[in-house]
Structures are given as C-alpha cells and as structure tokens.
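Here is the structure we will look at.
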Amino acid sequence: MTDRELLVQLFDAAVAAADPVGALKPNLPEKPLGKTVVVGAGKGAAQLARAFETLWDGPLSGVVVTRYGYAEACSSINVMEASHPVPDAAGLKASRALIDAVTGLSEDDLVVALICGGGSSLLPAPTAGLTLEDEQELNRVLLASGAPISVMNAIRKQVSDIKGGRLAKAAWPAKVVSLVVSDVPGDDPAQVASGPTVPDNISPADALAMAAAYRINLPDRIRQHIENALQAPTPADLEFQRNDVSIVASAAISLDAAAKTASELGLDSVVLSDSIEGEAREIARMHGAMARETSRRNRPFRKPVVMLSGGETTVTLRGNGRGGRNTEFLLSLAIDIDGEAQVSALAADTDGIDGSEDNAGAFVDGGSCARLRMAGRDPAADLANNDAFSAFEAVGDLFSPGPTGTNVNDFRAILVR
C-alpha cells in the first residue's frame with residue numbers, strides 16, 4: 001500500500017463513521033400520536049433524509065434542502081436543491097417550504113430536523129426590510145473575512161427569519177427533535193447551519209461586537225438592520241422547552257475511527273484536536289513544524305506516526321485564485337515540509353467538496369514544491385494569490401472523491417515514516 005492509499009483509507013474511515021444510517025439509528029425519537037414531519041438543510045441533508053425514511057416505521061412527510069448536485073431520491077420527503085456557498089432564489093424558495101411544512105402543527109405532532117453543515121447558505125430568509133441580494137452580499141463579505149464560523153453564523157442569525165431557532169419556533173407547539181451532524185469546532189448544535197432549530201443567547205449587540213473584533217466591513221443595510229434588531233429567540237423561550245437536540249456525528253467520532261484504522265494497519269496515531277480554528281496557512285505551519293520535528297528528532301511523536309486533526313480553518317482572501325481552505329492549508333504545508341522525504345499528507349473536506357471547486361482537498365509530500373516548480377508554478381506566489389487549486393491541478397495532486405453524503409468538517413492526516 002502506498003502512502004497515498006493509506007491516507008485515503010483513513011479518510012474513508014472518517015467518512016464512514018459519519019454514515020447517515022449508522023448515525024441516525026441509535027438516535028431515533030419516539031413515534032408521536034400525531035404526524036411526523038421531517039425538515040432539514042445541509043450538504044448531507046438528502047442522504048440523512050433517505051436514511052431516516054429507511055429507518056422510520058411509520059408515515060411521514062417533509063422537505064429538505066441540499067446543495068446542487070447532492071440530491072438523493074426519497075419517497076416521502078421532498079428534496080430541494082439550492083446554491084452553496086452564496087445563497088440564491090432556489091434557497092429562498094426552500095426556506096419558505098421548510099417553514100410552511102412545520103406551520104399549523106399541534107402538540108401531538110413531531111418535527112424531526114436533520115441538520116448538517118452548509119445549511120447557512122442553503123436557507124436564505126432575509127427578515128423584513130432586507131432582500132436576497134442583501135443576504136448574498138453579506139455571505140460574500142463573511143466568506144472573504146477569514147472570521148471563524150461561529151462569528152459568521154452569529155451575524156447571519158440577526159438578519160434571518162429561519163436561522164437562530166426561528167424554524168423550531170414556527171413549529172410550536174409541535175415537539176422538535178434536532179438530529180445534528182456537526183461540522184463546527186466544539187460541536188455546538190446552535191452553530192451548525194446557523195441553528196435553524198436551536199437558538200442561542202447571542203444578541204444583536206454581541207454580533208456587532210464580533211464584526212468589529214474581526215474587522216468585518218458589514219454592508220450598510222445589514223449593519224443598520226442589526227443595530228435596530230430585537231433579540232433573537234433564546235433557549236429559555238417557552239417554544240423550545242419540549243425540544244430535544246442530539247449530535248449524531250462529529251469530527252471527534254470520525255477522527256477516532258481514523259485512528260482505529262491506523263492502528264489496524266499497524267501504525268501509531270495521535271489526534272491533535274478535533275476543533276482547530278484559525279487561518280489555514282498559519283495552521284499549516286504549526287502542523288508542518290511538528291512533522292519536521294518528528295521526522296528529524298523523533299519528537300514530539302515517535303515515527304512512524306500519523307497526526308490527525310479536524311476543525312474548520314478559514315481563509316482571508318488576498319488574491320483572486322481558486323481553492324478552498326484545505327487546499328490552502330496544503331499549499332502552505334508543502335512549503336513548510338519542502339524536502340522532507342519522510343512526510344506526506346492529505347487534507348480534505350469530509351463532504352467531498354473544498355470551497356467552490358469539485359475537489360475535496362489534495363495530497364502533498366516533501367517533493368510537492370519541486371514538482372510544482374517543474375510544472376512552472378511558484379508555490380509562494382500561488383499561496384499569496386489564494387490559488388492552491390490551480391497549483392495542485394497542474395501536478396495532478398487533487399483529491400476528488402465526489403460528494404460523500406455527510407459533513408463533519410475538515411479531515412487532516414500527516415504521515416511521518
């Protein structure tokens with residue numbers, strides 16, 4: 001088995017640990033006296049919906065929204081598609097459909113919310129006085145800011161009629177059971193997809209303070225709205241007291257599965273963290289430093305070893321190239337481990353798509369920079385231009401497994417022989 005094949009096997013183990021059927025089966029709610037309505041949003045929402053239909057013994061209806069190209073056929077649940085990462089009119093229609101599906105229910109009815117990463121942009125629902133164009137502009141500003149996902153979602157919730165628990169509030173007095181596949185550091189369910197069924201205590205003033213702290217230049221109409229906005233729903237509100245929330249899959253579970261697979265292959269492993277945040281290129285330098293130290297001095301870990309980590313890095317856009325946070329991480333890592341013959345790595349988004357391209361991530365090793373230069377690329381210049389996708393495309397090192405049907409954030413594995 002080559003090093004790349006081994007790294008892919010670890011990725012596959014991580015993804016399999018978040019398999020929708022396996023994740024949902026032990027978390028099914030009790031059947032209600034009344035109707036069962038399923039709603040959901042995210043890149044893996046269609047796969048979750050299909051799995052729920054397979055597992056649920058009884059009638060149901062509902063609607064979920066996923067990214068274009070991620071739909072799966074369901075028999076009772078309507079699967080809609082919309083744009084990610086910038087929302088579009090199809091997402092606006094989907095948001096309305098989800099709200100309509102839960103409106104007018106009784107306390108005997110049950111709403112099952114299947115929530116996973118990517119739902120924030122798939123559920124545009126601008127509040128009164130704002131438009132889809134306002135929400136689109138906000139998303140573009142947030143995506144370019146380099147701010148953590150928690151900050152972006154705190155701001156998004158202030159300008160939405162569906163996020164921040166508002167979908168669950170619309171379902172009251174029906175009970176809402178949220179089954180969440182976490183793609184956020186720390187696994188706070190209120191952060192996944194901006195928490196359409198799970199409120200938090202963040203106020204409009206808190207959101208503005210976060211924007212200021214991260215120097216996010218909010219569009220004028222968005223800022224003015226937040227300055228005058230009322231407090232969003234909070235966990236203490238009456239409408240949420242009967243509801244249940246469960247994290248059914250997460251980065252921590254997936255990294256443990258990858259570590260177990262490494263052990264079965266006779267390889268020591270260490271999980272650095274399942275919740276690493278920060279600028280992708282800087283996080284890569286930290287990982288690279290540990291890989292070099294291990295390769296050269298057998299510390300802080302004894303080789304051979306694979307270092308595993310998860311979480312969600314960010315990219316502050318400085319150039320006009322192509323690529324997502326995982327390819328940016330890898331290009332920075334390639335520069336940091338240049339010439340280290342014993343080091344190789346794979347970083348990929350567990351949903352199968354990194355950023356807006358069709359790859360999940362890429363492979364690098366100690367010879368990556370040499371290959372890039374032979375192909376006429378300048379690794380440092382590509383990194384400065386946020387053009388990691390073009391760099392790895394030029395040398396055939398992209399990793400493109402296709403949509404996986406789940407999303408538990410980024411997966412990183414660095415192998416030191």
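As shown in the structure tokens, the chain order sets the letters A, B, ...; within each chain, residues go from 1, and ligands are also counted from 1 in the order they appear.
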
Please list as a tab-separated table (two decimals) with C-alpha atoms, in the first residue's frame every residue within 8 Å of region 40-50 of chain A, counting only C-alpha atoms and excluding residues in the same chain fewer than 5 positions away.
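Dumped to selection_34.tsv:
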chain	number	residue	atom	x	y	z
A	20	PRO	CA	-26.22	8.64	7.88
A	21	VAL	CA	-27.89	5.30	8.70
A	24	LEU	CA	-29.37	8.17	12.94
A	63	VAL	CA	-38.86	18.72	2.88
A	64	VAL	CA	-35.09	19.15	2.99
A	65	VAL	CA	-32.69	21.32	1.01
A	66	THR	CA	-29.20	20.43	-0.15
A	67	ARG	CA	-26.55	21.79	-2.47
A	70	TYR	CA	-26.19	16.50	-3.86
A	71	ALA	CA	-29.81	15.34	-4.12
A	72	GLU	CA	-30.88	11.76	-3.42
A	73	ALA	CA	-34.25	10.22	-4.27
A	74	CYS	CA	-36.68	10.00	-1.35
A	77	ILE	CA	-39.64	13.69	1.69
A	79	VAL	CA	-35.62	17.08	-1.69
A	98	LEU	CA	-39.48	24.35	5.30
A	113	ALA	CA	-34.91	18.33	11.92
A	114	LEU	CA	-31.95	16.81	10.03
A	115	ILE	CA	-29.30	19.50	10.19
A	116	CYS	CA	-25.74	19.43	8.88
A	117	GLY	CA	-23.03	21.73	7.56
A	118	GLY	CA	-23.71	24.01	4.64
A	119	GLY	CA	-27.23	24.85	5.73
A	120	SER	CA	-26.48	28.51	6.42
A	122	LEU	CA	-28.91	26.97	1.67
A	123	LEU	CA	-31.50	28.69	3.89
A	193	ALA	CA	-26.23	25.65	9.71
A	351	ASP	CA	-18.40	16.41	2.45
A	404	THR	CA	-19.75	11.80	0.42
A	405	GLY	CA	-23.25	12.29	1.82
A	406	THR	CA	-22.04	13.64	5.15
A	407	ASN	CA	-20.15	16.61	6.56

When DSSP works through the backbone of this structure, what residues of region 40-242 of chain A end up as alpha helix (DSSP H), shown as a PyMOL selection string? chain A and resi 45-55+89-102+119-122+132-145+149-156+166-171+204-213+220-227

I'd like the contact shell of Glu264 (chain A) - 12 Å cut-off, only C-alpha atoms, skipping same-chain residues fewer than 5 positions apart - returned as a list in words. Leu6, Gln9, Leu10, Ala13, Ala257, Ala258, Ala259 and Ser269 of chain A

Counting only C-alpha atoms, the residue of A:Glu30, A:Asp410, A:Asp19, A:Asp387 that sits nearest Val112 (chain A): A:Glu30

Taking only residues of region 82-183 of chain A that have an atom at most 12 Å from an atom of region 279-298 of chain A, what is each one's shortest atom pair and its distance in Å to one decimal, using only C-alpha atoms, in chain and number order, as CSV?
residue,atom,partner,partner_atom,distance
A:Ala144,CA,A:Glu279,CA,11.8
A:Ser145,CA,A:Glu279,CA,10.5
A:Gly146,CA,A:Glu279,CA,6.9
A:Ala147,CA,A:Glu279,CA,8.7
A:Pro148,CA,A:Glu279,CA,9.0
A:Ile149,CA,A:Glu279,CA,11.9

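Looking only at region 332-395 of chain A, the set that DSSP places in strand (DSSP E) from backbone geometry is Val343, Ser344, Ala345, Leu346, Ala347, Ala348, Asp349, Gly361, Ala362, Phe363, Val364 and Asp365 of chain A.
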
Region 194-207 of chain A surroundings by only C-alpha atoms, 9 Å radius, close-in-sequence under 3 positions cut, as a PyMOL selection string: chain A and resi 41+113+115+119-120+123+150-158+162-169+176-178+189-191+210-212+226-236+240+245

Within 8 Å of Leu130 (chain A), counting only C-alpha atoms, which residues qualify if same-chain residues fewer than 4 places away don't, as a list in words? Pro126, Asp134, Glu135, Val159, Arg221 and Ile222 of chain A

Tell me, as a compact mmCIF listing (two decimals) with N, CA and C atoms, in the first residue's frame, which residues lie within 12 Å of Thr131 (chain A), counting only C-alpha atoms; anything in the same chain fewer than 2 positions away does not count.
# COMPACT_ATOMS: atom_id res chain seq x y z
N PRO A 87 -26.03 32.13 -1.32
CA PRO A 87 -27.44 31.74 -1.49
C PRO A 87 -28.05 32.28 -2.78
N ASP A 88 -29.14 31.63 -3.20
CA ASP A 88 -29.84 32.06 -4.41
C ASP A 88 -31.34 31.97 -4.21
N ALA A 89 -32.09 32.25 -5.29
CA ALA A 89 -33.55 32.27 -5.20
C ALA A 89 -34.12 30.89 -4.89
N LEU A 92 -34.16 30.54 -1.26
CA LEU A 92 -35.26 31.34 -0.70
C LEU A 92 -36.57 30.55 -0.75
N PRO A 124 -31.49 30.90 2.85
CA PRO A 124 -31.68 32.36 2.93
C PRO A 124 -33.13 32.68 3.25
N ALA A 125 -33.32 33.59 4.18
CA ALA A 125 -34.67 34.03 4.55
C ALA A 125 -34.55 35.42 5.15
N PRO A 126 -34.23 36.41 4.30
CA PRO A 126 -33.99 37.76 4.83
C PRO A 126 -35.21 38.30 5.56
N THR A 127 -34.96 38.87 6.72
CA THR A 127 -36.04 39.41 7.52
C THR A 127 -36.60 40.68 6.89
N ALA A 128 -37.73 41.14 7.38
CA ALA A 128 -38.43 42.29 6.79
C ALA A 128 -37.49 43.48 6.64
N GLY A 129 -37.51 44.10 5.48
CA GLY A 129 -36.67 45.25 5.20
C GLY A 129 -35.39 44.91 4.47
N GLU A 133 -30.64 39.85 -2.15
CA GLU A 133 -29.38 40.48 -2.55
C GLU A 133 -28.57 40.95 -1.35
N ASP A 134 -29.25 41.44 -0.32
CA ASP A 134 -28.56 41.83 0.91
C ASP A 134 -27.89 40.61 1.56
N GLU A 135 -28.62 39.51 1.60
CA GLU A 135 -28.06 38.30 2.22
C GLU A 135 -26.91 37.74 1.39
N GLN A 136 -27.02 37.82 0.08
CA GLN A 136 -25.94 37.38 -0.79
C GLN A 136 -24.67 38.21 -0.56
N GLU A 137 -24.86 39.51 -0.48
CA GLU A 137 -23.71 40.39 -0.25
C GLU A 137 -23.08 40.11 1.11
N LEU A 138 -23.91 39.89 2.13
CA LEU A 138 -23.39 39.57 3.45
C LEU A 138 -22.56 38.29 3.40
N VAL A 159 -30.19 38.49 10.80
CA VAL A 159 -30.87 39.03 9.62
C VAL A 159 -31.71 37.96 8.94
N SER A 160 -32.16 36.95 9.69
CA SER A 160 -32.85 35.82 9.09
C SER A 160 -34.18 35.54 9.77
N ASP A 161 -35.14 35.04 9.00
CA ASP A 161 -36.42 34.61 9.53
C ASP A 161 -36.48 33.10 9.76
N ARG A 221 -26.73 48.30 4.84
CA ARG A 221 -28.11 47.91 5.15
C ARG A 221 -28.14 46.80 6.21
N ILE A 222 -27.18 45.90 6.17
CA ILE A 222 -27.10 44.84 7.16
C ILE A 222 -26.77 45.43 8.54
N HIS A 225 -29.70 47.27 10.01
CA HIS A 225 -30.74 46.36 10.50
C HIS A 225 -30.35 45.77 11.85

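Taking CA of Gly355 (chain A) and CA of Gly323 (chain A) as the two end points, the separation is 6.2 Å.
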
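If you count only C-alpha atoms and ignore residues fewer than 5 places along the chain from Glu5 (chain A), what sits within 12 Å of it is Leu10, Phe11, Asp12, Leu265, Ser344, Ala345, Leu346, Phe363, Phe399 and Leu415 of chain A.
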
Filtering to N, CA and C atoms, could you give me those residues as a short mmCIF file (atom, residue, chain, number, x, y, z; two decimals), in the first residue's frame?
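Contents of the output file selection-v1.cif:
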data_model
loop_
_atom_site.label_atom_id
_atom_site.label_comp_id
_atom_site.auth_asym_id
_atom_site.auth_seq_id
_atom_site.Cartn_x
_atom_site.Cartn_y
_atom_site.Cartn_z
N LEU A 10 -7.67 6.18 5.62
CA LEU A 10 -8.00 6.88 6.86
C LEU A 10 -9.16 7.86 6.63
N PHE A 11 -9.12 8.58 5.50
CA PHE A 11 -10.22 9.49 5.16
C PHE A 11 -11.53 8.71 5.04
N ASP A 12 -11.48 7.58 4.33
CA ASP A 12 -12.69 6.78 4.15
C ASP A 12 -13.25 6.30 5.49
N LEU A 265 -3.81 -1.00 10.83
CA LEU A 265 -2.80 -1.08 9.78
C LEU A 265 -1.38 -1.12 10.38
N SER A 344 4.26 12.95 4.29
CA SER A 344 3.21 13.09 3.28
C SER A 344 1.90 13.40 4.00
N ALA A 345 0.95 13.97 3.28
CA ALA A 345 -0.28 14.42 3.94
C ALA A 345 -1.46 14.47 2.99
N LEU A 346 -2.63 14.34 3.57
CA LEU A 346 -3.90 14.55 2.89
C LEU A 346 -4.75 15.43 3.78
N PHE A 363 -3.21 16.06 -2.07
CA PHE A 363 -2.10 15.38 -1.42
C PHE A 363 -0.85 16.25 -1.51
N PHE A 399 -7.42 15.73 -4.77
CA PHE A 399 -8.16 14.58 -4.25
C PHE A 399 -9.64 14.85 -4.45
N LEU A 415 1.38 11.93 7.61
CA LEU A 415 2.11 10.70 7.86
C LEU A 415 3.61 10.98 7.87
#

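Each of A:Leu7, A:Val416, A:Ala375, A:Ile335 was compared to Lys303 (chain A) using only C-alpha atoms, and A:Val416 turns out to be the nearest.
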
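Here CA of Phe52 (chain A) is placed at a distance of 8.5 Å from CA of Leu28 (chain A).
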
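Pairwise distance (CA of Ala252 (chain A), CA of Gly310 (chain A)) equals 7.8 Å.
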